[in-house]
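J.: Input file: model30.cif. Contents: mmCIF, C-alpha atoms.
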```
data_entry
#
loop_
_atom_site.group_PDB
_atom_site.id
_atom_site.type_symbol
_atom_site.label_atom_id
_atom_site.label_comp_id
_atom_site.auth_asym_id
_atom_site.auth_seq_id
_atom_site.Cartn_x
_atom_site.Cartn_y
_atom_site.Cartn_z
ATOM 1 C CA MET A 25 30.089 64.598 17.401
ATOM 2 C CA SER A 26 31.337 61.265 16.140
ATOM 3 C CA ASP A 27 34.958 60.637 15.212
ATOM 4 C CA ASP A 28 34.008 60.497 11.517
ATOM 5 C CA GLU A 29 32.128 63.804 11.759
ATOM 6 C CA MET A 30 35.215 65.324 13.348
ATOM 7 C CA ARG A 31 37.438 64.048 10.539
ATOM 8 C CA CYS A 32 35.088 65.562 7.948
ATOM 9 C CA LEU A 33 34.885 69.087 9.403
ATOM 10 C CA GLY A 34 35.668 71.797 6.854
ATOM 11 C CA VAL A 35 38.758 72.917 8.768
ATOM 12 C CA PRO A 36 41.058 72.734 5.684
ATOM 13 C CA GLN A 37 39.133 75.622 4.093
ATOM 14 C CA LEU A 38 39.692 77.994 7.018
ATOM 15 C CA GLN A 39 43.252 79.008 6.142
ATOM 16 C CA ASP A 40 46.109 78.419 3.742
ATOM 17 C CA ALA A 41 48.818 79.095 6.314
ATOM 18 C CA GLY A 42 48.546 79.341 10.062
ATOM 19 C CA LEU A 43 48.289 77.555 13.356
ATOM 20 C CA ILE A 44 45.661 75.352 14.908
ATOM 21 C CA PHE A 45 45.208 74.535 18.587
ATOM 22 C CA LEU A 46 43.221 71.349 19.144
ATOM 23 C CA TRP A 47 42.177 70.249 22.636
ATOM 24 C CA VAL A 48 42.113 66.474 23.031
ATOM 25 C CA THR A 49 41.429 64.118 25.885
ATOM 26 C CA GLY A 50 43.539 61.032 26.490
ATOM 27 C CA ARG A 51 41.101 58.844 24.545
ATOM 28 C CA ALA A 52 41.207 61.125 21.520
ATOM 29 C CA MET A 53 44.950 61.799 21.335
ATOM 30 C CA GLU A 54 45.470 59.666 18.223
ATOM 31 C CA LEU A 55 42.249 60.941 16.638
ATOM 32 C CA GLY A 56 43.471 64.501 17.168
ATOM 33 C CA ARG A 57 46.779 63.764 15.466
ATOM 34 C CA GLU A 58 44.946 62.043 12.616
ATOM 35 C CA CYS A 59 42.619 65.043 12.189
ATOM 36 C CA LEU A 60 45.559 67.434 12.036
ATOM 37 C CA LYS A 61 47.017 65.429 9.139
ATOM 38 C CA LEU A 62 43.666 65.137 7.371
ATOM 39 C CA TRP A 63 43.149 68.881 7.686
ATOM 40 C CA GLY A 64 46.592 69.678 6.257
ATOM 41 C CA TYR A 65 48.498 70.501 9.453
ATOM 42 C CA GLN A 66 51.770 69.190 10.807
ATOM 43 C CA ARG A 67 51.855 68.724 14.587
ATOM 44 C CA VAL A 68 54.624 71.043 15.793
ATOM 45 C CA ASP A 69 54.073 71.114 19.541
ATOM 46 C CA GLU A 70 51.723 70.357 22.390
ATOM 47 C CA LEU A 71 50.479 72.181 25.465
ATOM 48 C CA ILE A 72 49.575 70.382 28.679
ATOM 49 C CA TRP A 73 46.961 71.771 31.045
ATOM 50 C CA VAL A 74 47.563 70.475 34.571
ATOM 51 C CA LYS A 75 44.174 70.687 36.248
ATOM 52 C CA THR A 76 44.057 71.982 39.804
ATOM 53 C CA ASN A 77 41.408 72.556 42.424
ATOM 54 C CA GLN A 78 40.758 75.819 44.281
ATOM 55 C CA LEU A 79 43.764 75.160 46.521
ATOM 56 C CA GLN A 80 46.016 74.784 43.443
ATOM 57 C CA ARG A 81 46.434 71.067 44.145
ATOM 58 C CA ILE A 82 46.400 68.622 41.260
ATOM 59 C CA ILE A 83 42.976 67.145 40.609
ATOM 60 C CA ARG A 84 43.066 63.491 41.575
ATOM 61 C CA THR A 85 39.493 62.546 40.816
ATOM 62 C CA GLY A 86 39.087 63.909 37.304
ATOM 63 C CA ARG A 87 37.183 60.775 36.270
ATOM 64 C CA THR A 88 37.986 61.458 32.620
ATOM 65 C CA GLY A 89 40.176 58.449 31.955
ATOM 66 C CA HIS A 90 39.330 54.848 31.248
ATOM 67 C CA TRP A 91 42.414 53.425 32.998
ATOM 68 C CA LEU A 92 43.620 56.269 35.208
ATOM 69 C CA ASN A 93 41.965 59.455 36.426
ATOM 70 C CA HIS A 94 43.281 62.255 34.265
ATOM 71 C CA GLY A 95 44.593 65.376 35.944
ATOM 72 C CA LYS A 96 45.604 66.946 32.628
ATOM 73 C CA GLU A 97 44.463 67.729 29.095
ATOM 74 C CA HIS A 98 46.470 68.129 25.941
ATOM 75 C CA CYS A 99 46.258 70.849 23.310
ATOM 76 C CA LEU A 100 47.910 69.807 20.060
ATOM 77 C CA VAL A 101 49.535 72.622 18.095
ATOM 78 C CA GLY A 102 49.576 72.220 14.335
ATOM 79 C CA MET A 103 51.032 74.358 11.571
ATOM 80 C CA LYS A 104 49.873 74.640 7.974
ATOM 81 C CA GLY A 105 51.954 76.273 5.277
ATOM 82 C CA ASN A 106 54.502 78.870 6.299
ATOM 83 C CA PRO A 107 52.814 81.435 8.560
ATOM 84 C CA GLU A 108 54.730 84.671 9.082
ATOM 85 C CA ASN A 109 55.570 86.654 12.197
ATOM 86 C CA LEU A 110 55.382 83.851 14.742
ATOM 87 C CA ASN A 111 56.865 84.528 18.172
ATOM 88 C CA ARG A 112 58.340 81.184 19.105
ATOM 89 C CA GLY A 113 59.797 80.408 22.511
ATOM 90 C CA LEU A 114 57.907 83.008 24.552
ATOM 91 C CA ASP A 115 55.714 80.683 26.571
ATOM 92 C CA CYS A 116 55.985 77.402 28.427
ATOM 93 C CA ASP A 117 54.168 74.291 27.196
ATOM 94 C CA VAL A 118 52.520 73.731 30.593
ATOM 95 C CA ILE A 119 49.490 75.579 31.945
ATOM 96 C CA VAL A 120 48.612 75.037 35.591
ATOM 97 C CA ALA A 121 45.060 76.263 36.146
ATOM 98 C CA GLU A 122 41.924 75.573 38.090
ATOM 99 C CA VAL A 123 39.167 73.394 36.671
ATOM 100 C CA ARG A 124 35.892 75.213 36.137
ATOM 101 C CA ALA A 125 32.682 74.161 34.373
ATOM 102 C CA THR A 126 32.696 71.222 31.951
ATOM 103 C CA SER A 127 34.695 72.020 28.801
ATOM 104 C CA HIS A 128 35.780 75.409 30.189
ATOM 105 C CA LYS A 129 39.429 75.593 29.164
ATOM 106 C CA PRO A 130 41.962 77.787 30.981
ATOM 107 C CA ASP A 131 41.957 81.453 30.004
ATOM 108 C CA GLU A 132 45.770 81.355 29.783
ATOM 109 C CA ILE A 133 45.513 79.644 26.381
ATOM 110 C CA TYR A 134 44.284 82.869 24.762
ATOM 111 C CA GLY A 135 47.328 84.852 25.873
ATOM 112 C CA ILE A 136 49.634 82.112 24.606
ATOM 113 C CA ILE A 137 47.924 82.109 21.198
ATOM 114 C CA GLU A 138 47.939 85.928 20.964
ATOM 115 C CA ARG A 139 51.635 86.139 21.828
ATOM 116 C CA LEU A 140 52.568 83.329 19.443
ATOM 117 C CA SER A 141 50.664 84.780 16.505
ATOM 118 C CA PRO A 142 50.037 88.493 17.129
ATOM 119 C CA GLY A 143 47.871 90.578 14.837
ATOM 120 C CA THR A 144 46.299 87.616 13.034
ATOM 121 C CA ARG A 145 42.638 86.717 12.746
ATOM 122 C CA LYS A 146 41.587 83.976 15.110
ATOM 123 C CA ILE A 147 38.583 81.696 15.103
ATOM 124 C CA GLU A 148 37.254 79.486 17.862
ATOM 125 C CA LEU A 149 35.089 76.555 16.834
ATOM 126 C CA PHE A 150 32.566 75.129 19.281
ATOM 127 C CA GLY A 151 32.735 78.347 21.285
ATOM 128 C CA ARG A 152 30.572 79.090 24.292
ATOM 129 C CA PRO A 153 29.621 82.419 25.864
ATOM 130 C CA HIS A 154 32.420 82.130 28.468
ATOM 131 C CA ASN A 155 35.177 81.981 25.837
ATOM 132 C CA VAL A 156 34.189 84.793 23.491
ATOM 133 C CA GLN A 157 37.352 86.871 23.053
ATOM 134 C CA PRO A 158 37.872 90.394 21.697
ATOM 135 C CA ASN A 159 38.871 90.372 18.016
ATOM 136 C CA TRP A 160 38.190 86.629 17.639
ATOM 137 C CA ILE A 161 35.485 84.947 15.585
ATOM 138 C CA THR A 162 33.674 82.586 17.932
ATOM 139 C CA LEU A 163 31.339 80.010 16.421
ATOM 140 C CA GLY A 164 29.185 77.622 18.387
ATOM 141 C CA ASN A 165 25.604 76.538 18.912
ATOM 142 C CA GLN A 166 25.671 77.963 22.452
ATOM 143 C CA VAL A 167 26.742 81.475 21.394
ATOM 144 C CA ASP A 168 23.799 83.861 21.045
ATOM 145 C CA GLY A 169 23.464 86.148 18.066
ATOM 146 C CA VAL A 170 26.035 87.654 15.769
ATOM 147 C CA ARG A 171 28.437 90.309 17.028
ATOM 148 C CA LEU A 172 30.909 91.525 14.438
ATOM 149 C CA VAL A 173 33.416 94.345 14.847
ATOM 150 C CA ASP A 174 35.736 94.091 11.837
ATOM 151 C CA PRO A 175 34.367 96.252 8.965
ATOM 152 C CA ASP A 176 35.366 93.714 6.281
ATOM 153 C CA LEU A 177 33.587 90.911 8.123
ATOM 154 C CA ILE A 178 30.497 93.068 8.638
ATOM 155 C CA ALA A 179 30.356 93.851 4.903
ATOM 156 C CA ALA A 180 30.854 90.180 3.927
ATOM 157 C CA PHE A 181 28.207 89.069 6.416
ATOM 158 C CA LYS A 182 25.652 91.633 5.174
ATOM 159 C CA LYS A 183 26.331 90.626 1.573
ATOM 160 C CA ARG A 184 25.828 86.929 2.263
ATOM 161 C CA TYR A 185 22.966 87.310 4.763
ATOM 162 C CA PRO A 186 21.079 90.509 3.835
ATOM 163 C CA ASP A 187 18.283 89.744 6.317
ATOM 164 C CA GLY A 188 20.793 88.947 9.094
ATOM 165 C CA ASN A 189 19.634 85.328 9.441
ATOM 166 C CA CYS A 190 22.790 83.236 9.158
ATOM 167 C CA MET A 191 20.980 80.095 10.316
ATOM 168 C CA ALA A 192 19.003 79.813 7.089
ATOM 169 C CA PRO A 193 20.714 78.533 3.937
ATOM 170 C CA PRO A 194 22.232 81.425 1.975
ATOM 171 C CA PRO A 195 20.513 82.450 -1.254
ATOM 172 C CA SER A 196 21.660 80.313 -4.183
ATOM 173 C CA ASP A 197 22.949 83.401 -5.979
ATOM 174 C CA ALA A 198 25.441 84.139 -3.169
ATOM 175 C CA GLY A 199 28.099 82.248 -5.117
ATOM 176 C CA LEU A 200 29.052 80.083 -2.168
ATOM 177 C CA ALA A 201 28.353 76.375 -1.951
#
```
Written as structure tokens, how would this file's structure read?
T.:
Amino acid sequence: MSDDEMRCLGVPQLQDAGLIFLWVTGRAMELGRECLKLWGYQRVDELIWVKTNQLQRIIRTGRTGHWLNHGKEHCLVGMKGNPENLNRGLDCDVIVAEVRATSHKPDEIYGIIERLSPGTRKIELFGRPHNVQPNWITLGNQVDGVRLVDPDLIAAFKKRYPDGNCMAPPPSDAGLA
């Protein structure tokens, strides 16, 4: 995805008030901050993932940087509106976890998000089979099929896609552009 495509994602329509967690590499740090603003979020914090190997030693050959090898990734935390019932101050802003497959983020991030914003709906964009979480909406071109649990979401999905094919354009009479 190009930087301009990223800027133009329909993220602003996803929520009126809430949090966003945006993983960025060193090269894209400023782009990530710019996207947060464009999407209507204020950057309120940042998580750092210190990448380790199987021996829990810092990765020294990450080969992800242009100037230095990066042994870390950043996750920008943005807030939109005035979300309620946030549990601030429970977790540390540093995750130390082993590197796995390409783009496979540390599982610890899900616990941090759940504790920070319990009982809220959560959506993961660009999801993959390895990061499908219970009670989350996971969207991505590598996720097979549609698996819904929430009764309201099931009803809305069936209304919009009566034949179950969400890859085809919705009927024009669905009332959604």
J.: Using all atoms listed in the file, pick whichever of A:Lys75, A:Arg31, A:His94, A:Lys146 has the shortest atom-to-atom distance to Gly50 of chain A.
T.: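 Smallest separation from Gly50 of chain A among the options: A:His94.
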J.: So what do you get for atom CA of Pro142 of chain A versus atom CA of Glu108 of chain A, distance-wise?
T.: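 A separation of 10.1 Å between them.
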J.: Work out how far apart atom CA of Trp63 of chain A and atom CA of Arg139 of chain A are and give it in Å to one decimal.
T.: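 We find that atom CA of Trp63 of chain A and atom CA of Arg139 of chain A lie 23.9 Å from each other.
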J.: Take atom CA of Ile83 of chain A and atom CA of Leu140 of chain A and report the distance between them in Å, one decimal.
T.: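 We find that atom CA of Ile83 of chain A and atom CA of Leu140 of chain A lie 28.3 Å from each other.
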J.: Determine the nearest neighbour of Leu46 of chain A from the options A:Ile82, A:Val74, A:Leu92, A:Ile137, counting all atoms listed in the file.
T.: A:Ile137
J.: Quick one: residues within 12 Å of Ile136 of chain A, all atoms listed in the file, excluding same-chain residues fewer than 2 positions away - as a PDB file with C-alpha atoms, in the coordinates of the input?
T.:
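Once everything was written out, this is around_24.pdb:
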```pdb
ATOM      1  CA  PHE A  45      45.208  74.535  18.587  1.00  0.00           C
ATOM      2  CA  LEU A  71      50.479  72.181  25.465  1.00  0.00           C
ATOM      3  CA  CYS A  99      46.258  70.849  23.310  1.00  0.00           C
ATOM      4  CA  VAL A 101      49.535  72.622  18.095  1.00  0.00           C
ATOM      5  CA  LEU A 110      55.382  83.851  14.742  1.00  0.00           C
ATOM      6  CA  ASN A 111      56.865  84.528  18.172  1.00  0.00           C
ATOM      7  CA  ARG A 112      58.340  81.184  19.105  1.00  0.00           C
ATOM      8  CA  GLY A 113      59.797  80.408  22.511  1.00  0.00           C
ATOM      9  CA  LEU A 114      57.907  83.008  24.552  1.00  0.00           C
ATOM     10  CA  ASP A 115      55.714  80.683  26.571  1.00  0.00           C
ATOM     11  CA  CYS A 116      55.985  77.402  28.427  1.00  0.00           C
ATOM     12  CA  ASP A 117      54.168  74.291  27.196  1.00  0.00           C
ATOM     13  CA  VAL A 118      52.520  73.731  30.593  1.00  0.00           C
ATOM     14  CA  ILE A 119      49.490  75.579  31.945  1.00  0.00           C
ATOM     15  CA  PRO A 130      41.962  77.787  30.981  1.00  0.00           C
ATOM     16  CA  ASP A 131      41.957  81.453  30.004  1.00  0.00           C
ATOM     17  CA  GLU A 132      45.770  81.355  29.783  1.00  0.00           C
ATOM     18  CA  ILE A 133      45.513  79.644  26.381  1.00  0.00           C
ATOM     19  CA  TYR A 134      44.284  82.869  24.762  1.00  0.00           C
ATOM     20  CA  GLU A 138      47.939  85.928  20.964  1.00  0.00           C
ATOM     21  CA  ARG A 139      51.635  86.139  21.828  1.00  0.00           C
ATOM     22  CA  LEU A 140      52.568  83.329  19.443  1.00  0.00           C
ATOM     23  CA  SER A 141      50.664  84.780  16.505  1.00  0.00           C
ATOM     24  CA  PRO A 142      50.037  88.493  17.129  1.00  0.00           C
TER      25      PRO A 142
END
```
J.: Hey, what's within 7 Å of Val167 of chain A if we count all atoms listed in the file and toss same-chain stuff fewer than 2 positions away? As a list in words, please?
T.: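 Residues near the query, excluding close chain neighbours: Gly151, Arg152, Pro153, Leu163, Gly164, Asn165 and Gly169 of chain A.
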J.: What do you get, as a PyMOL selection string, if you spell out every residue that the PyMOL selection byres ((chain A and resi 67) around 9) selects here?
T.: chain A and resi 57+60-61+65-66+68-70+100-103
J.: Which residues match the PyMOL selection byres ((chain A and resi 36-41) around 9) in the file above, as a PyMOL selection string?
T.: chain A and resi 33-35+42-43+62-65+103-108+147
